[in-house]
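Novice: As input, take upload.cif (mmCIF, C-alpha atoms):
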data_structure
loop_
_atom_site.label_atom_id
_atom_site.label_comp_id
_atom_site.auth_asym_id
_atom_site.auth_seq_id
_atom_site.Cartn_x
_atom_site.Cartn_y
_atom_site.Cartn_z
CA MET A 22 -18.03 27.06 8.98
CA ILE A 23 -15.35 27.81 6.40
CA THR A 24 -12.80 25.41 7.92
CA PRO A 25 -14.99 22.26 7.86
CA LEU A 26 -16.11 23.05 4.31
CA ALA A 27 -12.49 23.46 3.24
CA LEU A 28 -11.58 20.15 4.87
CA VAL A 29 -14.54 18.34 3.29
CA GLY A 30 -13.60 19.74 -0.11
CA TYR A 31 -9.97 18.70 0.38
CA ALA A 32 -11.01 15.18 1.40
CA ALA A 33 -13.28 14.93 -1.67
CA LEU A 34 -10.45 16.12 -3.90
CA VAL A 35 -8.04 13.56 -2.46
CA GLY A 36 -10.58 10.73 -2.39
CA ALA A 37 -12.18 11.20 -5.82
CA LEU A 38 -10.17 13.36 -8.23
CA ALA A 39 -6.53 12.83 -7.23
CA PRO A 40 -6.63 9.02 -7.68
CA LEU A 41 -7.95 9.38 -11.23
CA LEU A 42 -5.07 11.68 -12.10
CA LEU A 43 -2.42 9.58 -10.34
CA ALA A 44 -3.65 6.35 -11.96
CA ARG A 45 -3.09 7.96 -15.40
CA ALA A 46 0.21 9.65 -14.56
CA ARG A 47 2.97 8.54 -16.91
CA TRP A 48 5.72 9.03 -14.36
CA SER A 49 4.27 6.43 -11.95
CA HIS A 50 5.49 3.45 -14.01
CA ARG A 51 8.88 5.10 -14.39
CA ALA A 52 9.26 5.49 -10.62
CA PRO A 53 7.05 2.79 -9.05
CA GLY A 54 8.55 3.17 -5.58
CA LEU A 55 7.67 6.86 -5.50
CA ALA A 56 4.22 6.10 -6.91
CA VAL A 57 3.51 3.64 -4.09
CA LEU A 58 4.55 6.33 -1.61
CA ALA A 59 2.16 8.75 -3.34
CA TRP A 60 -0.77 6.33 -3.07
CA GLN A 61 -0.06 5.71 0.60
CA GLY A 62 0.24 9.45 1.14
CA LEU A 63 -3.17 10.05 -0.44
CA MET A 64 -4.73 7.44 1.83
CA VAL A 65 -3.23 9.04 4.94
CA THR A 66 -4.30 12.47 3.71
CA PHE A 67 -7.89 11.36 3.18
CA VAL A 68 -8.13 9.86 6.66
CA VAL A 69 -6.61 12.94 8.33
CA ALA A 70 -8.73 15.44 6.38
CA THR A 71 -11.95 13.48 6.94
CA ALA A 72 -11.32 13.02 10.66
CA LEU A 73 -10.56 16.72 11.11
CA ALA A 74 -13.63 17.73 9.09
CA VAL A 75 -15.84 15.57 11.29
CA TYR A 76 -14.15 16.99 14.39
CA HIS A 77 -14.95 20.54 13.31
CA LEU A 78 -18.53 19.62 12.45
CA VAL A 79 -19.45 17.80 15.66
CA LEU A 80 -17.48 19.47 18.45
CA THR A 81 -18.48 22.64 20.21
CA GLU A 82 -17.84 26.01 18.65
CA GLN A 83 -15.43 26.98 21.44
CA HIS A 84 -13.09 24.08 20.79
CA VAL A 85 -13.15 24.78 17.07
CA HIS A 86 -12.12 28.41 17.48
CA ASP A 87 -9.31 27.41 19.82
CA GLY A 88 -7.72 25.25 17.10
CA LEU A 89 -5.18 22.70 18.29
CA VAL A 90 -5.45 23.88 21.90
CA GLY A 91 -9.19 23.32 21.77
CA PHE A 92 -8.68 19.87 20.29
CA LEU A 93 -6.26 18.88 23.05
CA SER A 94 -8.62 20.35 25.64
CA ALA A 95 -11.49 18.29 24.26
CA CYS A 96 -9.30 15.22 24.48
CA GLY A 97 -8.35 16.09 28.02
CA LEU A 98 -4.68 16.39 27.03
CA SER A 99 -4.23 20.10 27.69
CA GLY A 100 -3.03 21.05 31.14
CA ASP A 101 -4.83 24.38 31.10
CA ALA A 102 -8.17 25.10 29.52
CA PRO A 103 -8.08 27.86 26.93
CA PRO A 104 -9.09 31.33 28.17
CA GLY A 105 -12.82 31.51 28.47
CA GLY A 106 -13.14 27.83 27.68
CA SER A 107 -14.82 25.11 29.65
CA THR A 108 -13.47 21.85 30.96
CA PRO A 109 -14.02 18.72 28.86
CA THR A 110 -17.38 17.08 29.39
CA VAL A 111 -18.70 13.57 28.84
CA MET A 112 -20.49 14.86 25.75
CA ASP A 113 -17.18 16.11 24.35
CA GLY A 114 -15.79 12.63 24.80
CA LEU A 115 -18.73 11.05 23.03
CA LEU A 116 -18.47 13.50 20.16
CA LEU A 117 -14.77 12.74 19.82
CA ALA A 118 -15.74 9.14 19.09
CA ALA A 119 -16.77 10.14 15.55
CA PRO A 120 -13.39 11.48 14.34
CA ALA A 121 -11.61 8.81 16.38
CA ALA A 122 -13.61 6.10 14.58
CA ILE A 123 -12.45 7.42 11.21
CA LEU A 124 -8.85 7.17 12.37
CA LEU A 125 -9.24 3.75 13.96
CA LEU A 126 -11.32 2.12 11.22
CA PRO A 127 -8.48 1.61 8.70
CA ILE A 128 -6.13 0.61 11.51
CA GLY A 129 -8.56 -2.07 12.65
CA TRP A 130 -8.99 -3.34 9.09
CA PHE A 131 -5.21 -3.43 8.65
CA VAL A 132 -4.82 -5.64 11.71
CA ARG A 133 -7.56 -7.94 10.45
CA CYS A 134 -6.21 -8.12 6.87
CA ALA A 135 -2.67 -8.78 8.07
CA TRP A 136 -3.90 -11.52 10.40
CA GLN A 137 -6.00 -13.19 7.70
CA ALA A 138 -3.09 -13.12 5.24
CA ARG A 139 -0.77 -14.56 7.86
CA ARG A 140 -3.17 -17.42 8.57
CA ALA A 141 -3.51 -18.19 4.86
CA ARG A 142 0.28 -18.26 4.45
CA GLN A 143 0.67 -20.49 7.48
CA ARG A 144 -1.86 -22.99 6.11
CA HIS A 145 0.07 -23.15 2.85
CA LEU A 146 3.36 -23.53 4.70
CA ASP A 147 1.90 -26.50 6.56
CA VAL A 148 1.04 -28.10 3.22
CA LEU A 149 4.52 -27.39 1.84
CA ALA A 150 6.06 -29.06 4.88
CA LEU A 151 4.34 -32.28 3.78
CA VAL A 152 4.67 -32.19 -0.02
CA GLY A 153 7.52 -29.74 -0.69
CA GLU A 154 11.14 -30.65 -1.34
CA PRO A 155 13.90 -28.30 -0.14
CA ALA A 156 16.25 -26.93 -2.81
CA PRO A 157 19.16 -25.26 -0.98
CA GLU A 158 20.89 -24.30 -4.23
CA TYR A 159 17.97 -22.01 -5.04
CA GLU A 160 17.00 -21.18 -1.44
CA ALA A 161 13.54 -22.38 -2.39
CA THR A 162 11.06 -25.23 -2.03
CA ILE A 163 10.27 -27.47 -5.00
CA LEU A 164 6.63 -28.43 -5.50
CA ASP A 165 5.77 -31.43 -7.66
CA HIS A 166 3.31 -29.70 -9.98
CA ALA A 167 3.28 -29.72 -13.77
CA VAL A 168 2.11 -26.11 -14.31
CA PRO A 169 5.05 -23.65 -14.41
CA ALA A 170 4.75 -21.33 -11.44
CA ILE A 171 7.04 -19.48 -9.05
CA TYR A 172 5.76 -17.57 -6.04
CA CYS A 173 6.80 -16.45 -2.60
CA LEU A 174 5.22 -16.49 0.83
CA PRO A 175 6.42 -13.35 2.66
CA GLY A 176 6.41 -12.69 6.36
CA ARG A 177 8.28 -14.18 9.26
CA CYS A 178 8.40 -17.71 7.80
CA ARG A 179 9.29 -16.58 4.29
CA ARG A 180 9.47 -19.10 1.50
CA VAL A 181 10.01 -19.14 -2.28
CA VAL A 182 8.21 -21.97 -4.10
CA VAL A 183 9.13 -23.35 -7.54
CA THR A 184 7.09 -26.00 -9.34
CA ARG A 185 8.59 -28.86 -11.33
CA GLY A 186 6.93 -27.42 -14.39
CA ALA A 187 8.90 -24.18 -13.97
CA LEU A 188 12.16 -26.08 -13.65
CA GLU A 189 11.44 -27.85 -16.94
CA VAL A 190 10.63 -24.76 -19.04
CA LEU A 191 13.01 -22.15 -17.58
CA SER A 192 16.70 -21.91 -18.25
CA GLU A 193 19.06 -21.47 -15.31
CA GLU A 194 19.39 -17.72 -15.91
CA GLN A 195 15.63 -17.29 -16.33
CA LEU A 196 15.02 -19.16 -13.10
CA ARG A 197 17.53 -16.98 -11.26
CA ALA A 198 15.84 -13.83 -12.60
CA VAL A 199 12.42 -14.87 -11.34
CA LEU A 200 13.85 -15.92 -7.98
CA GLU A 201 15.40 -12.44 -7.66
CA HIS A 202 11.99 -10.96 -8.41
CA GLU A 203 10.38 -12.98 -5.62
CA ARG A 204 13.11 -12.13 -3.11
CA ALA A 205 12.48 -8.46 -3.84
CA HIS A 206 8.89 -8.94 -2.65
CA ILE A 207 10.09 -10.57 0.55
CA GLU A 208 12.88 -8.12 1.36
CA GLY A 209 10.72 -5.13 0.45
CA ARG A 210 7.91 -6.36 2.74
CA HIS A 211 5.43 -5.76 -0.04
CA HIS A 212 2.82 -7.81 1.80
CA LEU A 213 2.49 -4.94 4.29
CA LEU A 214 1.84 -2.46 1.47
CA HIS A 215 -0.83 -4.79 0.10
CA ALA A 216 -2.38 -5.14 3.56
CA LEU A 217 -2.50 -1.35 3.96
CA ALA A 218 -4.17 -0.86 0.57
CA ASP A 219 -6.59 -3.73 1.25
CA ALA A 220 -7.46 -2.32 4.68
CA PHE A 221 -8.16 1.13 3.24
CA SER A 222 -10.38 -0.33 0.52
CA ARG A 223 -12.41 -2.21 3.12
CA ALA A 224 -12.64 0.76 5.44
CA PHE A 225 -13.91 3.05 2.66
CA PRO A 226 -15.59 0.81 0.05
CA GLY A 227 -16.72 2.52 -3.13
CA LEU A 228 -14.25 5.37 -2.78
CA PRO A 229 -12.22 5.87 -6.01
CA LEU A 230 -9.03 6.24 -3.96
CA ALA A 231 -9.69 2.88 -2.30
CA ARG A 232 -10.35 1.08 -5.59
CA HIS A 233 -7.51 2.57 -7.59
CA GLY A 234 -5.11 2.51 -4.66
CA LYS A 235 -5.50 -1.23 -4.19
CA GLU A 236 -5.14 -1.98 -7.91
CA GLN A 237 -2.15 0.28 -8.40
CA THR A 238 -0.36 -0.94 -5.28
CA GLY A 239 -0.48 -4.49 -6.61
CA LEU A 240 0.84 -3.43 -10.02
CA LEU A 241 3.52 -1.06 -8.73
CA THR A 242 4.99 -3.52 -6.24
CA GLU A 243 5.38 -5.99 -9.10
CA MET A 244 7.22 -3.30 -11.06
CA ILE A 245 9.49 -2.65 -8.08
CA ALA A 246 10.34 -6.35 -7.98
CA ASP A 247 10.92 -6.34 -11.75
CA ASP A 248 13.41 -3.48 -11.37
CA ARG A 249 15.25 -5.42 -8.69
CA ALA A 250 15.58 -8.43 -10.98
CA LEU A 251 16.77 -6.22 -13.86
CA ARG A 252 19.76 -5.12 -11.79
CA PHE A 253 21.27 -8.57 -12.23
CA HIS A 254 19.61 -10.00 -15.35
CA SER A 255 18.84 -8.84 -18.88
CA ARG A 256 15.43 -7.60 -19.97
CA ASP A 257 14.98 -10.41 -22.49
CA VAL A 258 15.68 -13.04 -19.86
CA LEU A 259 13.16 -11.63 -17.37
CA ALA A 260 10.51 -11.01 -20.04
CA THR A 261 10.80 -14.56 -21.37
CA ALA A 262 10.64 -16.02 -17.88
CA MET A 263 7.53 -13.96 -17.10
CA CYS A 264 5.79 -15.32 -20.18
CA GLU A 265 6.61 -18.89 -19.19
CA VAL A 266 5.17 -18.64 -15.67
CA ALA A 267 2.41 -16.06 -16.26
CA ALA A 268 -0.31 -18.72 -16.40
CA GLY A 269 0.66 -20.27 -13.08
CA ARG A 270 -1.82 -19.72 -10.25
CA THR A 271 -0.63 -18.64 -6.83
CA PRO A 272 -2.22 -19.34 -3.45
CA GLN A 273 -3.90 -16.70 -1.35
CA ALA A 274 -1.56 -14.12 0.26
CA ALA A 275 1.33 -15.12 -2.02
CA PHE A 276 3.17 -13.15 -4.71
CA GLY A 277 3.47 -14.81 -8.11
CA ALA A 278 6.01 -14.01 -10.80
CA GLY A 279 3.19 -13.46 -13.29
CA GLY A 280 1.55 -11.07 -10.87
CA ALA A 281 -0.74 -8.15 -11.55
CA GLY A 282 -0.76 -6.44 -14.95
CA ALA A 283 1.62 -8.90 -16.62
CA LEU A 284 1.12 -7.36 -20.08
CA VAL A 285 1.72 -3.82 -18.81
CA ARG A 286 4.85 -4.96 -17.01
CA LEU A 287 6.06 -6.86 -20.04
CA ARG A 288 5.80 -3.75 -22.24
CA ARG A 289 7.57 -1.74 -19.55
CA ILE A 290 10.44 -4.23 -19.39
CA LEU A 291 10.94 -4.44 -23.16
CA ALA A 292 10.45 -0.69 -23.84
CA PRO A 293 12.04 1.06 -20.84
CA GLN A 294 11.42 4.74 -20.18
CA PRO A 295 13.85 7.11 -18.44
CA ARG A 296 13.31 7.70 -14.75
CA PRO A 297 11.96 11.11 -13.69
CA HIS A 298 14.50 13.91 -13.34
CA ARG A 299 15.89 14.31 -9.83
CA VAL A 300 14.14 17.66 -9.40
CA THR A 301 10.83 16.12 -10.48
CA TRP A 302 11.39 13.20 -8.12
CA LEU A 303 12.11 15.49 -5.18
CA GLY A 304 9.10 17.68 -5.98
CA LEU A 305 6.76 14.68 -6.09
CA ALA A 306 8.20 13.31 -2.84
CA ALA A 307 7.79 16.68 -1.12
CA ALA A 308 4.19 16.97 -2.34
CA THR A 309 3.44 13.49 -1.02
CA VAL A 310 4.80 14.35 2.42
CA ALA A 311 3.11 17.77 2.51
CA ALA A 312 -0.35 16.52 1.48
CA PRO A 313 -1.29 15.08 4.92
CA LEU A 314 0.13 18.16 6.69
CA LEU A 315 -2.06 20.67 4.85
CA PRO A 316 -5.33 19.72 6.61
CA LEU A 317 -3.51 19.90 9.94
CA LEU A 318 -2.38 23.45 9.17
CA VAL A 319 -5.92 24.41 8.15
CA ALA A 320 -7.63 22.78 11.13
CA CYS A 321 -5.19 23.40 13.96
CA GLY A 322 -4.51 27.07 13.45
CA PRO A 323 -6.34 29.44 15.86
#
Show me, as structure tokens, the structure contained in the file I just sent.
Specialist:
Amino acid sequence: MITPLALVGYAALVGALAPLLLARARWSHRAPGLAVLAWQGLMVTFVVATALAVYHLVLTEQHVHDGLVGFLSACGLSGDAPPGGSTPTVMDGLLLAAPAAILLLPIGWFVRCAWQARRARQRHLDVLALVGEPAPEYEATILDHAVPAIYCLPGRCRRVVVTRGALEVLSEEQLRAVLEHERAHIEGRHHLLHALADAFSRAFPGLPLARHGKEQTGLLTEMIADDRALRFHSRDVLATAMCEVAAGRTPQAAFGAGGAGALVRLRRILAPQPRPHRVTWLGLAAATVAAPLLPLLVACGP
């Protein structure tokens, strides 16, 4: 009974306490790419720990004591039954449905969220085909709209959209900076990170990790795109451009230059902080990778 209690406690720690600490961590805004990896790692860890805890609670005592061998035997994947063990039964298969459901639930939601986002983008692309004007010099589509806005539609049929209002208020360099920001979203496939966070929040509604993970993923991917734009343009240029287009609304499943947490991002751009030390970065990355492996070591040992 110690193993399932340890796994339940670990899942509760990862699902409730860890997200509160990570959301307040100062280093996350200094290394947004690593912070996104940490959030995704916590989500994977919660799913693995919860599924293993349920497995230990519902399956027979024999399989539990046999660790990984017992688990494979219950799944019918072990060539030889463990010594003194019994062959898998129909009941074992039914009981395995509980931990399997925990693993499959976020996967199913991810497929659904990705499909819904793709349909929404396709509907908007159909509209742009009728009312948009190609702008090869910017590798974008011009939309005749007075409100300044710039956004991108990621995915297979990727597109960057610029309104007439944005062309009127932005200088050439400011426009190029925002376009670089939007291309960073497309090339980084940030829509998949959003779909993963959205799927997890729908699979486990009310969980602090789900709520904070979705919010922080949106903010951190915007920071990643900001950093990409700052490689080629000055901070003042990007900050001014953000202010000009911050009020522009973006369609569903699109990424806008104003984006999430515009004020937080603006302060970050104008008052940059040093990136974490290499040793700190490596330690955080190692902890993120090790977190999902710990419940496996606890549950699968004999």
Novice: Contacts of Ile123 (chain A) at 12 Å or less, counting all atoms listed in the file, minus same-chain residues fewer than 3 places along, as a PyMOL selection string?
Specialist: chain A and resi 65+67-76+117-120+126-130+221+224-225
Novice: Go through A:Ala135, A:Leu58, A:Val35, A:Ile171 and flag the residue nearest Pro272 (chain A), using all atoms listed in the file for the distances.
Specialist: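 Residue with the minimum atom-to-atom distance to Pro272 (chain A): A:Ile171.
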Novice: My list of candidates is A:Glu154, A:Gly304, A:Val148, A:Gly279. Which is closest to Leu240 (chain A) when distances are computed with all atoms listed in the file?
Specialist: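 Nearest candidate to Leu240 (chain A) out of A:Glu154, A:Gly304, A:Val148, A:Gly279: A:Gly279.
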Novice: Residue by residue, what does the PyMOL selection byres ((chain A and resi 48) around 12) grab here? Present the result as JSON, numbers by chain.
Specialist: {"A": [42, 43, 44, 45, 46, 47, 49, 50, 51, 52, 53, 54, 55, 56, 57, 59, 241, 294, 295, 296, 297, 298, 301, 302, 305]}
Novice: Give me the residues within 10 Å of Val152 (chain A) as a list in words, counting only C-alpha atoms and dropping any in the same chain fewer than 6 places off.
Specialist: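 In the requested form, the answer reads Leu146, Thr162, Ile163, Leu164 and Asp165 of chain A.
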Novice: Would you list the contacts of Ile23 (chain A) as a list in words, taking every protein, DNA or RNA residue within 12 Å and counting only C-alpha atoms, but skipping same-chain residues closer than 4 positions in sequence?
Specialist: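 So the residues in contact are Ala27, Leu28, Val29, Gly30, Ala74, His77, Leu78, Val85, His86, Val319 and Ala320 of chain A.
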Novice: Between CA of Phe131 (chain A) and CA of Gln61 (chain A), measure the distance and give it in Å to one decimal.
Specialist: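 Distance reported for this atom pair: 13.2 Å.
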Novice: The PyMOL selection byres ((chain A and resi 291) around 12) on the file shown: which residues, as a list in words?
Specialist: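 Answer for the PyMOL selection byres ((chain A and resi 291) around 12): Asp247, Leu251, Ser255, Arg256, Asp257, Val258, Leu259, Ala260, Thr261, Met263, Leu284, Val285, Arg286, Leu287, Arg288, Arg289, Ile290, Ala292, Pro293 and Gln294 of chain A.
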Novice: Using only C-alpha atoms, please write the residues we just selected to a file, as a PDB file, in the frame of the given file.
Specialist:
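Result written to result_34.pdb:
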ATOM      1  CA  ASP A 247      10.920  -6.340 -11.750  1.00  0.00           C
ATOM      2  CA  LEU A 251      16.770  -6.220 -13.860  1.00  0.00           C
ATOM      3  CA  SER A 255      18.840  -8.840 -18.880  1.00  0.00           C
ATOM      4  CA  ARG A 256      15.430  -7.600 -19.970  1.00  0.00           C
ATOM      5  CA  ASP A 257      14.980 -10.410 -22.490  1.00  0.00           C
ATOM      6  CA  VAL A 258      15.680 -13.040 -19.860  1.00  0.00           C
ATOM      7  CA  LEU A 259      13.160 -11.630 -17.370  1.00  0.00           C
ATOM      8  CA  ALA A 260      10.510 -11.010 -20.040  1.00  0.00           C
ATOM      9  CA  THR A 261      10.800 -14.560 -21.370  1.00  0.00           C
ATOM     10  CA  MET A 263       7.530 -13.960 -17.100  1.00  0.00           C
ATOM     11  CA  LEU A 284       1.120  -7.360 -20.080  1.00  0.00           C
ATOM     12  CA  VAL A 285       1.720  -3.820 -18.810  1.00  0.00           C
ATOM     13  CA  ARG A 286       4.850  -4.960 -17.010  1.00  0.00           C
ATOM     14  CA  LEU A 287       6.060  -6.860 -20.040  1.00  0.00           C
ATOM     15  CA  ARG A 288       5.800  -3.750 -22.240  1.00  0.00           C
ATOM     16  CA  ARG A 289       7.570  -1.740 -19.550  1.00  0.00           C
ATOM     17  CA  ILE A 290      10.440  -4.230 -19.390  1.00  0.00           C
ATOM     18  CA  ALA A 292      10.450  -0.690 -23.840  1.00  0.00           C
ATOM     19  CA  PRO A 293      12.040   1.060 -20.840  1.00  0.00           C
ATOM     20  CA  GLN A 294      11.420   4.740 -20.180  1.00  0.00           C
TER      21      GLN A 294
END
Novice: Find the residue from A:Ser222, A:Thr238, A:Gln273, A:Thr309 that sits nearest to Ala138 (chain A); use only C-alpha atoms when measuring.
Specialist: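 Result for the nearest residue to Ala138 (chain A): A:Gln273.
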Novice: Of the candidates A:His211, A:His254, A:Arg179, A:Arg140, which shows the shortest atom-to-atom distance to Glu160 (chain A), using all atoms listed in the file?
Specialist: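 Nearest to Glu160 (chain A): A:Arg179.
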Novice: From the list A:Ala311, A:Val266, A:Ala150, A:Cys173, which residue is nearest Glu189 (chain A) when using all atoms listed in the file?
Specialist: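 Among the listed residues, the smallest separation from Glu189 (chain A) belongs to A:Val266.
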Novice: From the options A:Leu213, A:Ala274, A:Val168, A:Leu317, which residue's atoms come nearest to Arg144 (chain A), counting only C-alpha atoms?
Specialist: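 For Arg144 (chain A), the nearest of the candidates is A:Ala274.
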Novice: Work out how far CA of Lys235 (chain A) is from CA of Ala218 (chain A), in Å to one decimal.
Specialist: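 Result for CA of Ala218 (chain A) versus CA of Lys235 (chain A): 5.0 Å, one decimal.
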Novice: Expressed in Å to a single decimal, how great is the separation between CA of Glu158 (chain A) and CA of Arg197 (chain A)?
Specialist: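 A separation of 10.7 Å between them.
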